[in-house]
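*Asks:* This is start37.txt (compact mmCIF, C-alpha atoms).
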```txt
# COMPACT_ATOMS: atom_id res chain seq x y z
CA MET A 1 0.00 0.00 0.00
CA ALA A 2 2.37 2.66 1.16
CA SER A 3 5.42 2.10 -0.93
CA GLU A 4 7.85 4.81 -0.11
CA GLY A 5 11.12 4.27 -1.88
CA GLY A 6 10.09 0.78 -3.00
CA LYS A 7 9.50 -0.37 0.57
CA ILE A 8 6.11 -1.72 1.59
CA ASP A 9 5.19 -1.10 5.20
CA PRO A 10 2.82 -3.87 6.40
CA MET A 11 1.75 -1.68 9.33
CA HIS A 12 0.59 1.26 7.24
CA GLN A 13 -2.79 -0.37 6.70
CA PHE A 14 -3.58 0.17 10.38
CA MET A 15 -2.93 3.92 10.27
CA ILE A 16 -5.87 6.05 11.27
CA GLU A 17 -6.07 9.14 9.11
CA PRO A 18 -8.49 11.98 9.80
CA ILE A 19 -10.93 12.79 7.02
CA ALA A 20 -12.85 15.59 8.69
CA PRO A 21 -11.29 17.04 11.87
CA LEU A 22 -13.80 17.45 14.69
CA ASN A 23 -13.34 18.61 18.24
CA LEU A 24 -15.72 18.15 21.14
CA ALA A 25 -14.95 19.56 24.58
CA GLY A 26 -11.25 19.30 24.04
CA TYR A 27 -11.42 15.76 22.72
CA ASP A 28 -10.37 15.00 19.16
CA ILE A 29 -13.30 13.15 17.67
CA SER A 30 -12.31 13.59 14.03
CA PHE A 31 -14.14 11.64 11.41
CA THR A 32 -11.42 9.21 10.28
CA ASN A 33 -11.03 6.37 7.84
CA SER A 34 -11.81 4.12 10.80
CA SER A 35 -15.10 5.95 11.41
CA LEU A 36 -15.87 5.74 7.72
CA PHE A 37 -15.48 1.97 7.76
CA MET A 38 -17.57 1.67 10.91
CA ILE A 39 -20.36 3.49 9.13
CA LEU A 40 -19.85 1.35 6.05
CA VAL A 41 -20.15 -1.75 8.25
CA MET A 42 -23.34 -0.43 9.80
CA ALA A 43 -24.80 0.43 6.39
CA THR A 44 -23.98 -3.05 5.11
CA ILE A 45 -25.66 -4.72 8.08
CA TRP A 46 -28.63 -2.42 7.71
CA VAL A 47 -29.05 -3.17 3.98
CA PHE A 48 -28.64 -6.87 4.69
CA MET A 49 -31.27 -6.77 7.42
CA LEU A 50 -33.70 -4.81 5.25
CA GLY A 51 -33.78 -7.88 3.02
CA GLY A 52 -35.26 -9.75 5.95
CA MET A 53 -38.05 -7.22 6.35
CA LYS A 54 -40.10 -8.44 3.42
CA ARG A 55 -41.80 -10.66 5.99
CA GLU A 56 -43.12 -13.09 3.42
CA MET A 57 -44.60 -16.39 4.46
CA VAL A 58 -42.43 -18.17 1.92
CA PRO A 59 -39.02 -16.46 2.16
CA GLY A 60 -36.88 -15.59 -0.83
CA ARG A 61 -33.13 -16.22 -0.80
CA TRP A 62 -32.26 -12.96 0.89
CA GLN A 63 -34.94 -13.22 3.53
CA ALA A 64 -33.93 -16.83 4.14
CA ALA A 65 -30.32 -15.67 4.66
CA VAL A 66 -31.37 -13.02 7.20
CA GLU A 67 -33.59 -15.50 8.98
CA GLY A 68 -30.73 -17.99 8.90
CA VAL A 69 -28.40 -15.58 10.74
CA ASN A 70 -31.20 -14.74 13.17
CA GLY A 71 -31.83 -18.44 13.80
CA PHE A 72 -28.10 -19.06 14.23
CA ILE A 73 -27.78 -16.42 16.96
CA ASN A 74 -31.07 -17.47 18.55
CA ASP A 75 -29.90 -21.06 18.72
CA MET A 76 -26.51 -20.08 20.10
CA VAL A 77 -28.00 -17.92 22.85
CA SER A 78 -30.76 -20.35 23.77
CA THR A 79 -28.26 -23.22 23.91
CA SER A 80 -25.88 -21.25 26.13
CA VAL A 81 -28.28 -19.31 28.33
CA GLY A 82 -31.61 -21.10 27.99
CA PRO A 83 -35.06 -19.55 27.56
CA GLU A 84 -34.08 -16.47 29.59
CA GLY A 85 -31.46 -15.62 27.00
CA LYS A 86 -34.04 -14.23 24.57
CA LYS A 87 -33.53 -10.64 25.69
CA TYR A 88 -29.77 -10.81 25.11
CA VAL A 89 -30.17 -11.87 21.48
CA PRO A 90 -30.02 -8.25 20.17
CA LEU A 91 -26.69 -7.66 21.95
CA VAL A 92 -25.08 -10.92 20.83
CA PHE A 93 -26.47 -10.40 17.34
CA SER A 94 -25.11 -6.84 17.14
CA LEU A 95 -21.68 -7.94 18.37
CA PHE A 96 -21.56 -10.89 15.99
CA MET A 97 -22.73 -8.94 12.95
CA PHE A 98 -20.52 -5.93 13.64
CA ILE A 99 -17.38 -8.05 14.09
CA LEU A 100 -18.20 -10.35 11.17
CA VAL A 101 -18.93 -7.56 8.71
CA ALA A 102 -16.01 -5.42 9.94
CA ASN A 103 -13.66 -8.38 9.50
CA PHE A 104 -14.94 -9.07 6.00
CA MET A 105 -14.95 -5.37 5.12
CA GLY A 106 -11.23 -5.28 5.87
CA MET A 107 -10.72 -8.16 3.45
CA MET A 108 -12.54 -6.46 0.57
CA PRO A 109 -10.27 -5.64 -2.36
CA PHE A 110 -10.95 -1.90 -2.22
CA GLY A 111 -7.26 -1.41 -2.98
CA ILE A 112 -7.80 -2.01 -6.69
CA VAL A 113 -9.19 1.54 -6.80
CA PRO A 114 -6.16 3.85 -6.61
CA GLY A 115 -6.02 5.84 -3.42
CA VAL A 116 -8.62 3.73 -1.60
CA HIS A 117 -7.46 1.53 1.25
CA ALA A 118 -9.47 -1.10 3.05
CA PHE A 119 -9.48 -0.63 6.80
CA THR A 120 -10.18 -3.33 9.34
CA VAL A 121 -12.01 -1.73 12.24
CA THR A 122 -11.61 -4.82 14.41
CA SER A 123 -7.81 -4.78 14.11
CA HIS A 124 -7.77 -1.86 16.53
CA LEU A 125 -7.37 -2.38 20.22
CA THR A 126 -9.52 0.66 20.96
CA VAL A 127 -12.45 -0.92 19.10
CA THR A 128 -12.09 -4.48 20.38
CA ALA A 129 -11.65 -3.12 23.91
CA VAL A 130 -14.93 -1.21 23.72
CA LEU A 131 -16.72 -4.29 22.38
CA ALA A 132 -15.19 -6.46 25.12
CA ILE A 133 -16.14 -3.95 27.80
CA LEU A 134 -19.70 -3.85 26.45
CA SER A 135 -19.83 -7.65 26.70
CA PHE A 136 -18.20 -7.77 30.14
CA GLY A 137 -20.19 -4.81 31.43
CA THR A 138 -23.44 -6.50 30.42
CA VAL A 139 -22.40 -9.58 32.38
CA LEU A 140 -21.58 -7.49 35.46
CA VAL A 141 -24.73 -5.37 35.32
CA VAL A 142 -27.04 -8.31 34.62
CA GLY A 143 -25.36 -10.49 37.26
CA LEU A 144 -25.44 -7.86 40.01
CA TRP A 145 -28.96 -6.72 39.09
CA LYS A 146 -30.37 -10.22 39.03
CA HIS A 147 -28.56 -11.84 41.95
CA LYS A 148 -27.41 -8.81 43.97
CA LEU A 149 -24.45 -9.78 46.17
CA HIS A 150 -25.21 -13.45 45.63
CA PHE A 151 -23.56 -12.92 42.24
CA PHE A 152 -20.20 -13.32 43.95
CA SER A 153 -20.99 -16.99 44.61
CA LEU A 154 -19.88 -17.30 41.00
CA PHE A 155 -16.37 -17.38 42.35
CA VAL A 156 -17.05 -20.38 44.58
CA PRO A 157 -17.89 -23.31 42.29
CA HIS A 158 -20.10 -26.09 43.61
CA GLY A 159 -18.22 -28.87 45.32
CA THR A 160 -15.16 -26.82 46.27
CA PRO A 161 -13.50 -28.60 49.22
CA TRP A 162 -13.28 -26.35 52.30
CA TRP A 163 -9.50 -26.65 52.47
CA LEU A 164 -9.21 -25.09 48.99
CA MET A 165 -11.41 -22.12 49.87
CA TRP A 166 -8.39 -19.88 50.28
CA LEU A 167 -7.31 -20.55 46.65
CA ILE A 168 -10.23 -21.38 44.33
CA PRO A 169 -12.16 -18.07 44.69
CA PHE A 170 -9.05 -16.13 43.77
CA ILE A 171 -8.44 -18.28 40.70
CA GLU A 172 -12.10 -17.88 39.72
CA LEU A 173 -11.97 -14.13 40.31
CA PHE A 174 -8.85 -13.87 38.19
CA SER A 175 -10.36 -15.92 35.36
CA PHE A 176 -13.44 -13.69 35.57
CA LEU A 177 -11.50 -10.44 35.48
CA ILE A 178 -9.28 -11.58 32.62
CA ARG A 179 -12.31 -12.09 30.36
CA PRO A 180 -12.53 -8.60 28.82
CA PHE A 181 -8.80 -8.63 28.10
CA SER A 182 -8.89 -12.05 26.47
CA LEU A 183 -11.96 -11.06 24.45
CA ALA A 184 -10.39 -7.82 23.24
CA LEU A 185 -6.88 -9.16 22.63
CA ARG A 186 -7.98 -12.34 20.86
CA LEU A 187 -9.87 -10.43 18.20
CA PHE A 188 -7.31 -7.65 17.90
CA VAL A 189 -4.34 -10.03 17.60
CA ALA A 190 -6.06 -12.40 15.20
CA MET A 191 -7.05 -9.62 12.81
CA THR A 192 -3.76 -7.72 13.07
CA ALA A 193 -1.56 -10.81 12.63
CA GLY A 194 -3.57 -12.06 9.68
CA HIS A 195 -3.48 -8.73 7.90
CA VAL A 196 0.25 -8.23 8.54
CA LEU A 197 0.95 -11.71 7.17
CA MET A 198 -1.12 -11.01 4.08
CA LYS A 199 0.55 -7.66 3.53
CA VAL A 200 4.06 -9.15 3.96
CA LEU A 201 3.30 -11.91 1.45
CA ALA A 202 1.79 -9.39 -0.95
CA GLY A 203 4.97 -7.33 -0.53
CA PHE A 204 7.01 -10.38 -1.57
CA VAL A 205 4.93 -10.76 -4.71
CA ILE A 206 5.21 -7.08 -5.68
CA ASN A 207 8.88 -6.66 -4.80
CA GLY A 208 9.74 -9.93 -6.55
CA LEU A 209 8.08 -8.75 -9.75
CA ASN A 210 9.83 -5.40 -9.52
CA ALA A 211 13.25 -6.93 -8.83
CA ASP A 212 16.08 -6.24 -11.28
CA ALA A 213 17.23 -9.84 -11.40
CA ALA A 214 14.92 -11.88 -13.68
CA TRP A 215 15.14 -15.09 -11.60
CA VAL A 216 13.54 -13.49 -8.55
CA ALA A 217 10.00 -13.30 -9.94
CA PRO A 218 9.41 -17.07 -10.52
CA VAL A 219 11.35 -18.12 -7.41
CA VAL A 220 9.89 -15.64 -4.93
CA SER A 221 6.74 -14.11 -6.39
CA LEU A 222 5.05 -17.24 -7.70
CA PRO A 223 5.26 -19.34 -4.50
CA SER A 224 4.31 -16.29 -2.46
CA PHE A 225 1.30 -15.71 -4.69
CA ILE A 226 0.16 -19.32 -4.36
CA LEU A 227 0.64 -19.16 -0.59
CA MET A 228 -1.22 -15.85 -0.59
CA ILE A 229 -4.31 -17.54 -2.05
CA GLY A 230 -4.29 -20.09 0.75
CA ILE A 231 -3.65 -17.47 3.43
CA THR A 232 -6.51 -15.37 2.08
CA MET A 233 -8.87 -18.34 2.37
CA LEU A 234 -7.63 -18.95 5.89
CA GLU A 235 -8.12 -15.30 6.76
CA LEU A 236 -11.71 -15.39 5.54
CA LEU A 237 -12.24 -18.40 7.78
CA VAL A 238 -10.60 -16.59 10.72
CA CYS A 239 -12.90 -13.59 10.10
CA ALA A 240 -15.96 -15.78 10.59
CA ILE A 241 -14.46 -17.81 13.44
CA GLN A 242 -13.42 -14.75 15.44
CA ALA A 243 -16.91 -13.25 15.15
CA TYR A 244 -18.38 -16.60 16.21
CA VAL A 245 -15.97 -16.98 19.13
CA PHE A 246 -16.69 -13.48 20.40
CA ALA A 247 -20.45 -14.00 20.20
CA LEU A 248 -20.29 -17.48 21.71
CA LEU A 249 -18.09 -16.38 24.64
CA THR A 250 -20.37 -13.42 25.25
CA SER A 251 -23.40 -15.70 25.44
CA LEU A 252 -21.53 -18.11 27.73
CA TYR A 253 -20.55 -15.24 30.03
CA ILE A 254 -24.14 -13.99 30.03
CA ASN A 255 -25.13 -17.51 31.03
CA ASP A 256 -22.85 -17.20 34.07
CA ALA A 257 -24.54 -13.94 34.99
CA VAL A 258 -28.09 -15.19 34.44
CA ASN A 259 -27.84 -18.69 35.88
CA LEU A 260 -24.70 -18.40 38.04
CA HIS A 261 -23.05 -21.81 37.97
CA MET B 1 2.22 -0.61 15.35
CA PRO B 2 -0.21 2.28 14.74
CA GLN B 3 -2.85 0.68 16.97
CA ILE B 4 -0.62 1.43 19.96
CA SER B 5 1.47 4.36 18.78
CA GLN B 6 -1.64 6.30 17.69
CA ILE B 7 -3.75 5.26 20.63
CA LEU B 8 -3.50 8.52 22.56
CA ALA B 9 -4.26 10.60 19.50
CA THR B 10 -7.20 8.54 18.24
CA TYR B 11 -8.89 6.86 21.20
CA ALA B 12 -11.48 9.62 21.62
CA SER B 13 -12.48 9.52 17.99
CA GLN B 14 -12.52 5.72 17.97
CA PHE B 15 -14.68 5.51 21.11
CA PHE B 16 -17.01 8.26 19.94
CA TRP B 17 -17.71 6.84 16.52
CA LEU B 18 -17.81 3.24 17.68
CA LEU B 19 -20.34 4.03 20.39
CA ILE B 20 -22.52 5.92 17.89
CA VAL B 21 -22.28 3.19 15.28
CA PHE B 22 -22.66 0.28 17.68
CA GLY B 23 -25.49 2.06 19.47
CA LEU B 24 -27.31 2.48 16.17
CA ILE B 25 -26.68 -1.16 15.28
CA TYR B 26 -27.93 -2.31 18.70
CA PHE B 27 -31.01 -0.10 18.96
CA VAL B 28 -32.09 0.22 15.33
CA ILE B 29 -31.08 -3.16 13.96
CA GLY B 30 -30.81 -5.38 17.03
CA ARG B 31 -33.90 -4.10 18.82
CA GLY B 32 -35.83 -2.69 15.84
CA ILE B 33 -35.40 -4.99 12.88
CA LEU B 34 -34.33 -8.25 14.51
CA PRO B 35 -37.52 -8.83 16.56
CA ARG B 36 -39.59 -8.36 13.42
CA VAL B 37 -37.52 -10.94 11.58
CA ASP B 38 -37.97 -13.16 14.60
CA ALA B 39 -41.71 -12.50 14.61
CA THR B 40 -41.91 -13.47 10.94
CA VAL B 41 -40.11 -16.73 11.66
CA ASP B 42 -42.34 -17.39 14.67
CA ALA B 43 -45.47 -16.58 12.65
CA ARG B 44 -44.34 -18.99 9.94
CA ASP B 45 -43.56 -21.70 12.49
CA ALA B 46 -46.95 -21.16 14.13
CA LYS B 47 -48.67 -21.27 10.74
CA ILE B 48 -46.89 -24.48 9.80
CA ALA B 49 -47.71 -26.04 13.16
CA GLY B 50 -51.36 -24.91 12.79
CA ASP B 51 -51.59 -26.27 9.28
CA LEU B 52 -50.09 -29.56 10.37
CA ALA B 53 -52.55 -29.78 13.26
CA ALA B 54 -55.45 -28.98 10.91
CA ALA B 55 -54.25 -31.62 8.46
CA GLU B 56 -53.93 -34.13 11.29
CA GLN B 57 -57.44 -33.29 12.46
CA ALA B 58 -58.82 -33.63 8.93
CA ARG B 59 -57.06 -36.97 8.64
CA ALA B 60 -58.57 -38.15 11.91
CA GLU B 61 -62.01 -36.97 10.75
CA ALA B 62 -61.64 -38.80 7.46
CA SER B 63 -60.53 -41.87 9.33
CA ASP B 64 -63.56 -41.63 11.65
CA LEU B 65 -65.86 -41.14 8.67
CA GLU B 66 -64.43 -44.15 6.93
CA GLY B 67 -64.80 -46.21 10.09
CA ALA B 68 -68.43 -45.18 10.42
CA TRP B 69 -69.06 -45.96 6.79
CA GLN B 70 -67.37 -49.34 7.17
CA ALA B 71 -69.44 -50.11 10.26
CA GLU B 72 -72.64 -49.12 8.49
CA LEU B 73 -71.67 -51.25 5.52
CA THR B 74 -71.03 -54.22 7.78
CA GLN B 75 -74.32 -53.67 9.57
CA THR B 76 -76.27 -53.37 6.32
CA ARG B 77 -74.62 -56.47 4.96
CA ALA B 78 -75.45 -58.40 8.13
CA ALA B 79 -79.06 -57.20 7.95
CA ALA B 80 -79.32 -58.25 4.31
CA GLN B 81 -77.85 -61.62 5.14
CA ALA B 82 -80.30 -62.13 8.01
CA GLU B 83 -83.19 -61.16 5.74
CA ALA B 84 -82.02 -63.62 3.10
CA GLN B 85 -81.63 -66.32 5.73
CA LYS B 86 -85.14 -65.65 7.00
CA ALA B 87 -86.61 -65.78 3.52
CA LYS B 88 -84.77 -69.00 2.82
CA ALA B 89 -86.00 -70.60 6.03
CA LYS B 90 -89.56 -69.52 5.33
CA ALA B 91 -89.39 -70.87 1.80
CA GLN B 92 -88.06 -74.15 3.13
CA LYS B 93 -90.83 -74.37 5.70
CA ASP B 94 -93.45 -73.63 3.04
CA ALA B 95 -91.98 -76.26 0.75
CA VAL B 96 -91.98 -78.86 3.53
CA SER B 97 -95.57 -78.19 4.47
CA ARG B 98 -96.67 -78.24 0.85
CA ILE B 99 -94.90 -81.54 0.28
CA ALA B 100 -96.52 -82.99 3.36
CA LYS B 101 -99.96 -81.88 2.14
CA ALA B 102 -99.35 -83.30 -1.29
CA ASP B 103 -98.12 -86.54 0.28
CA ALA B 104 -101.27 -86.77 2.35
CA GLU B 105 -103.46 -86.12 -0.67
CA ILE B 106 -101.58 -88.71 -2.68
CA ALA B 107 -101.86 -91.22 0.16
CA ALA B 108 -105.62 -90.62 0.42
CA LYS B 109 -106.05 -91.02 -3.35
CA THR B 110 -103.97 -94.19 -3.29
CA ALA B 111 -106.03 -95.59 -0.45
CA ASP B 112 -109.26 -94.80 -2.33
CA ALA B 113 -107.95 -96.44 -5.49
CA GLU B 114 -106.80 -99.45 -3.54
CA ALA B 115 -110.22 -99.78 -1.93
CA VAL B 116 -111.90 -99.57 -5.35
CA ILE B 117 -109.51 -102.19 -6.73
CA ALA B 118 -110.11 -104.50 -3.76
CA LYS B 119 -113.86 -104.13 -4.19
CA ALA B 120 -113.61 -104.89 -7.88
CA ARG B 121 -111.35 -107.83 -7.17
CA ALA B 122 -113.79 -109.25 -4.59
CA LYS B 123 -116.63 -108.70 -6.93
CA ALA B 124 -114.72 -110.42 -9.72
CA LEU B 125 -113.77 -113.28 -7.46
CA SER B 126 -117.38 -113.89 -6.37
CA GLY B 127 -118.40 -113.74 -10.06
CA ILE B 128 -115.83 -116.44 -10.88
CA ASP B 129 -117.37 -118.73 -8.23
CA GLY B 130 -120.75 -118.58 -9.93
CA VAL B 131 -119.34 -119.08 -13.45
CA ALA B 132 -117.23 -122.01 -12.29
CA ALA B 133 -120.25 -123.67 -10.59
CA ASP B 134 -122.36 -123.27 -13.73
CA ALA B 135 -119.51 -124.62 -15.84
CA ALA B 136 -118.98 -127.52 -13.45
CA GLN B 137 -122.77 -128.36 -13.49
CA ASP B 138 -122.77 -128.33 -17.30
CA ILE B 139 -119.60 -130.40 -17.56
CA VAL B 140 -120.95 -132.95 -15.12
CA ALA B 141 -124.30 -133.18 -16.94
CA LYS B 142 -122.57 -133.59 -20.31
CA VAL B 143 -120.00 -136.09 -19.14
CA SER B 144 -122.02 -138.25 -16.83
CA GLY B 145 -125.53 -137.23 -17.43
CA ILE B 146 -126.12 -136.79 -13.79
CA LYS B 147 -128.11 -133.89 -12.81
CA VAL B 148 -126.24 -131.87 -10.22
CA THR B 149 -128.02 -129.23 -8.28
CA PRO B 150 -126.56 -125.77 -8.36
CA ALA B 151 -125.97 -125.96 -4.64
CA GLN B 152 -123.93 -129.13 -5.02
CA ALA B 153 -121.89 -127.60 -7.85
CA ALA B 154 -121.20 -124.49 -5.90
CA GLN B 155 -120.16 -126.60 -2.91
CA ALA B 156 -117.75 -128.57 -5.10
CA VAL B 157 -116.28 -125.44 -6.69
CA LYS B 158 -115.77 -123.83 -3.32
CA THR B 159 -113.94 -126.95 -2.10
CA VAL B 160 -111.70 -127.07 -5.15
CA LEU B 161 -110.94 -123.35 -5.04
CA ALA B 162 -110.17 -123.53 -1.36
CA ASN B 163 -107.80 -126.46 -1.98
CA GLY B 164 -106.40 -125.09 -5.16
```
Let me see whether you can do it: turn the structure in this file into structure tokens.

*Replies:*
Amino acid sequence: MASEGGKIDPMHQFMIEPIAPLNLAGYDISFTNSSLFMILVMATIWVFMLGGMKREMVPGRWQAAVEGVNGFINDMVSTSVGPEGKKYVPLVFSLFMFILVANFMGMMPFGIVPGVHAFTVTSHLTVTAVLAILSFGTVLVVGLWKHKLHFFSLFVPHGTPWWLMWLIPFIELFSFLIRPFSLALRLFVAMTAGHVLMKVLAGFVINGLNADAAWVAPVVSLPSFILMIGITMLELLVCAIQAYVFALLTSLYINDAVNLH
Amino acid sequence: MPQISQILATYASQFFWLLIVFGLIYFVIGRGILPRVDATVDARDAKIAGDLAAAEQARAEASDLEGAWQAELTQTRAAAQAEAQKAKAKAQKDAVSRIAKADAEIAAKTADAEAVIAKARAKALSGIDGVAADAAQDIVAKVSGIKVTPAQAAQAVKTVLANG
């Protein structure tokens, strides 16, 4: 992407560049390429969901696809949480769809248009952290609201022997508190690493073709290109898996909050 | 890594726009559109379940109807059979009584005829006695010239016939 002096920087794709500078109460809330892609993601989800609003008795392909996603999330939440999970479906659905579409949006070949760069919203720690905090915060609020102080019995699993009481609650508390970090870092690292790998391989292809020595192109560029195809497939899979993992873990954590252990 | 090196410069913008966008997704799409999609699916499921129940009910009704029809058919057939049996029995009884009557009539006629025959036979037999006596009287007169009285002839004939 950014080839300055023939060098391709695999990190440049993560740069946030302001499009329209904005300032609110001393905070810089500029409209950036990141914001643009967030809005693009939202618009895509919205257009997709509108296809499910035809509300026909016999669904067309599009409506069937929307209802398929809806059924997928419904099943996931009801399997994890049970019948009480119905009211958390919008949250899990929003998280899943936002992450899935943002991941895929970052994989779109917008780069074929000169000057346009794809941006992966979910490769940013700031974004994944907010999503993880939303997920974790929901668990905390729901758990404390529903069970009051009894919620803390979550840290004492059933059947803990009395002589381990000094240890198990601390391990449980730690595993509970680590959740938002693992949620945020898993998504951030998976998306960043995948995109860096793709960009490095793509750099091999381009630099190999541009090399002065004629033997470099078939020896370096061709294998890199073939590997690139495989890595791209893998990345598409990772995009879907990461969205699924995030949504599944969120519903499992909500299950802890709703049903305790 | 721009995610970390830019974090202080961009976090406010990232948070601001993400919260707006995710809020819109959650409230407009998650809470606005999704339940309607869900309602459509539920309505379809309910309709399918209702249709299946209606079909099942119709099937049960048809089955009941067929059962009733079958039972009626069986009953009608049994009634027809009983009627036929009754008619047959009555016809048999009639035939038997008619045969008996005819037998009696025939027997009476036979008895009458036999009586007539016996009378004729007796009459014929007594006639023969007289003829034989006359013949014997004539034969005796012609052969021996002895006059035999009719009473003697008759006595002789009777003796011969009784021995013969």

*Asks:* Set the cut-off to 9 Å and count all atoms listed in the file: what are the residues of chain A that reach chain B? Output as a PyMOL selection string.

*Replies:* chain A and resi 11-16+22+27-32+34-35+38-39+41-42+45-46+49-50+52-58+63+66-67+70-71+89-95+98+123-127+130-131

*Asks:* Rank nothing, just name the residue among A:Leu36, A:Leu177, A:Ala43, A:Leu185 nearest to Gly137 of chain A, using all atoms listed in the file.

*Replies:*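 Looking only at the distances to Gly137 of chain A, the closest residue turns out to be A:Leu177.
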
*Asks:* Please check which residues have atoms at most 12 Å from (-122.5, -128.9, -4.9) in the file's coordinates, counting all atoms listed in the file, and write them as a PyMOL selection string.

*Replies:* chain B and resi 129-130+132-134+136-137+140+147-160

*Asks:* Rank nothing, just name the residue among A:Leu183, A:Met107, A:Ala20, A:Val219 nearest to Leu248 of chain A, using only C-alpha atoms.

*Replies:*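 The closest residue to Leu248 of chain A is A:Leu183.
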
*Asks:* Within 8 Å of Val205 of chain A, counting all atoms listed in the file, which residues show up once you throw out same-chain ones fewer than 4 positions away? Write them as a PDB file with C-alpha atoms, in the frame of the given file, please.

*Replies:*
```pdb
ATOM      1  CA  LEU A 201       3.300 -11.910   1.450  1.00  0.00           C
ATOM      2  CA  LEU A 209       8.080  -8.750  -9.750  1.00  0.00           C
ATOM      3  CA  ALA A 217      10.000 -13.300  -9.940  1.00  0.00           C
ATOM      4  CA  VAL A 220       9.890 -15.640  -4.930  1.00  0.00           C
ATOM      5  CA  SER A 221       6.740 -14.110  -6.390  1.00  0.00           C
ATOM      6  CA  LEU A 222       5.050 -17.240  -7.700  1.00  0.00           C
ATOM      7  CA  SER A 224       4.310 -16.290  -2.460  1.00  0.00           C
ATOM      8  CA  PHE A 225       1.300 -15.710  -4.690  1.00  0.00           C
TER       9      PHE A 225
END
```

*Asks:* Of the candidates A:Leu154, A:Ile178, A:Leu252, A:Ile241, which one gets nearest to Ile133 of chain A if we count only C-alpha atoms?

*Replies:*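 Among A:Leu154, A:Ile178, A:Leu252, A:Ile241, it is A:Ile178 that comes nearest to Ile133 of chain A.
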
*Asks:* Please indicate the distance in Å from atom CA of Ala132 of chain A to atom CA of Arg186 of chain A, rounded to one decimal place.

*Replies:*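 Taking atom CA of Ala132 of chain A as the start and atom CA of Arg186 of chain A as the end point, the length is 10.2 Å.
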
*Asks:* Atom CA of Ala190 of chain A and atom CA of Leu234 of chain A, how far apart in Å?

*Replies:* 11.5 Å

*Asks:* Using only C-alpha atoms, which protein or nucleic acid residues come within 12 Å of segment 253-260 of chain A? Drop anything in the same chain fewer than 6 positions from it, and give the result as JSON, numbers by chain.

*Replies:* {"A": [76, 77, 78, 79, 80, 81, 82, 83, 84, 85, 86, 87, 88, 89, 91, 92, 132, 134, 135, 136, 137, 138, 139, 140, 141, 142, 143, 144, 145, 146, 147, 148, 149, 150, 151, 152, 153, 154, 155, 156, 157, 158, 175, 176, 177, 179, 180, 183, 245, 246, 247]}

*Asks:* For those residues, write C-alpha atoms to a file as a tab-separated table (two decimals), in the frame of the given file.

*Replies:*
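Printed below is again_29.tsv as written:
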```
chain	number	residue	atom	x	y	z
A	76	MET	CA	-26.51	-20.08	20.10
A	77	VAL	CA	-28.00	-17.92	22.85
A	78	SER	CA	-30.76	-20.35	23.77
A	79	THR	CA	-28.26	-23.22	23.91
A	80	SER	CA	-25.88	-21.25	26.13
A	81	VAL	CA	-28.28	-19.31	28.33
A	82	GLY	CA	-31.61	-21.10	27.99
A	83	PRO	CA	-35.06	-19.55	27.56
A	84	GLU	CA	-34.08	-16.47	29.59
A	85	GLY	CA	-31.46	-15.62	27.00
A	86	LYS	CA	-34.04	-14.23	24.57
A	87	LYS	CA	-33.53	-10.64	25.69
A	88	TYR	CA	-29.77	-10.81	25.11
A	89	VAL	CA	-30.17	-11.87	21.48
A	91	LEU	CA	-26.69	-7.66	21.95
A	92	VAL	CA	-25.08	-10.92	20.83
A	132	ALA	CA	-15.19	-6.46	25.12
A	134	LEU	CA	-19.70	-3.85	26.45
A	135	SER	CA	-19.83	-7.65	26.70
A	136	PHE	CA	-18.20	-7.77	30.14
A	137	GLY	CA	-20.19	-4.81	31.43
A	138	THR	CA	-23.44	-6.50	30.42
A	139	VAL	CA	-22.40	-9.58	32.38
A	140	LEU	CA	-21.58	-7.49	35.46
A	141	VAL	CA	-24.73	-5.37	35.32
A	142	VAL	CA	-27.04	-8.31	34.62
A	143	GLY	CA	-25.36	-10.49	37.26
A	144	LEU	CA	-25.44	-7.86	40.01
A	145	TRP	CA	-28.96	-6.72	39.09
A	146	LYS	CA	-30.37	-10.22	39.03
A	147	HIS	CA	-28.56	-11.84	41.95
A	148	LYS	CA	-27.41	-8.81	43.97
A	149	LEU	CA	-24.45	-9.78	46.17
A	150	HIS	CA	-25.21	-13.45	45.63
A	151	PHE	CA	-23.56	-12.92	42.24
A	152	PHE	CA	-20.20	-13.32	43.95
A	153	SER	CA	-20.99	-16.99	44.61
A	154	LEU	CA	-19.88	-17.30	41.00
A	155	PHE	CA	-16.37	-17.38	42.35
A	156	VAL	CA	-17.05	-20.38	44.58
A	157	PRO	CA	-17.89	-23.31	42.29
A	158	HIS	CA	-20.10	-26.09	43.61
A	175	SER	CA	-10.36	-15.92	35.36
A	176	PHE	CA	-13.44	-13.69	35.57
A	177	LEU	CA	-11.50	-10.44	35.48
A	179	ARG	CA	-12.31	-12.09	30.36
A	180	PRO	CA	-12.53	-8.60	28.82
A	183	LEU	CA	-11.96	-11.06	24.45
A	245	VAL	CA	-15.97	-16.98	19.13
A	246	PHE	CA	-16.69	-13.48	20.40
A	247	ALA	CA	-20.45	-14.00	20.20
```

*Asks:* What is the distance between atom CA of Thr128 of chain A and atom CA of Val238 of chain A, in Å to one decimal?

*Replies:*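 For atom CA of Thr128 of chain A relative to atom CA of Val238 of chain A, the distance reads 15.6 Å.
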
*Asks:* Just want the 10 Å neighbourhood of Gly194 of chain A, counted on all atoms listed in the file, with same-chain residues fewer than 5 positions away dropped. Output as a VMD selection string.

*Replies:* chain A and resid 123 189 199 to 200 231 to 232 234 to 236 238 to 239
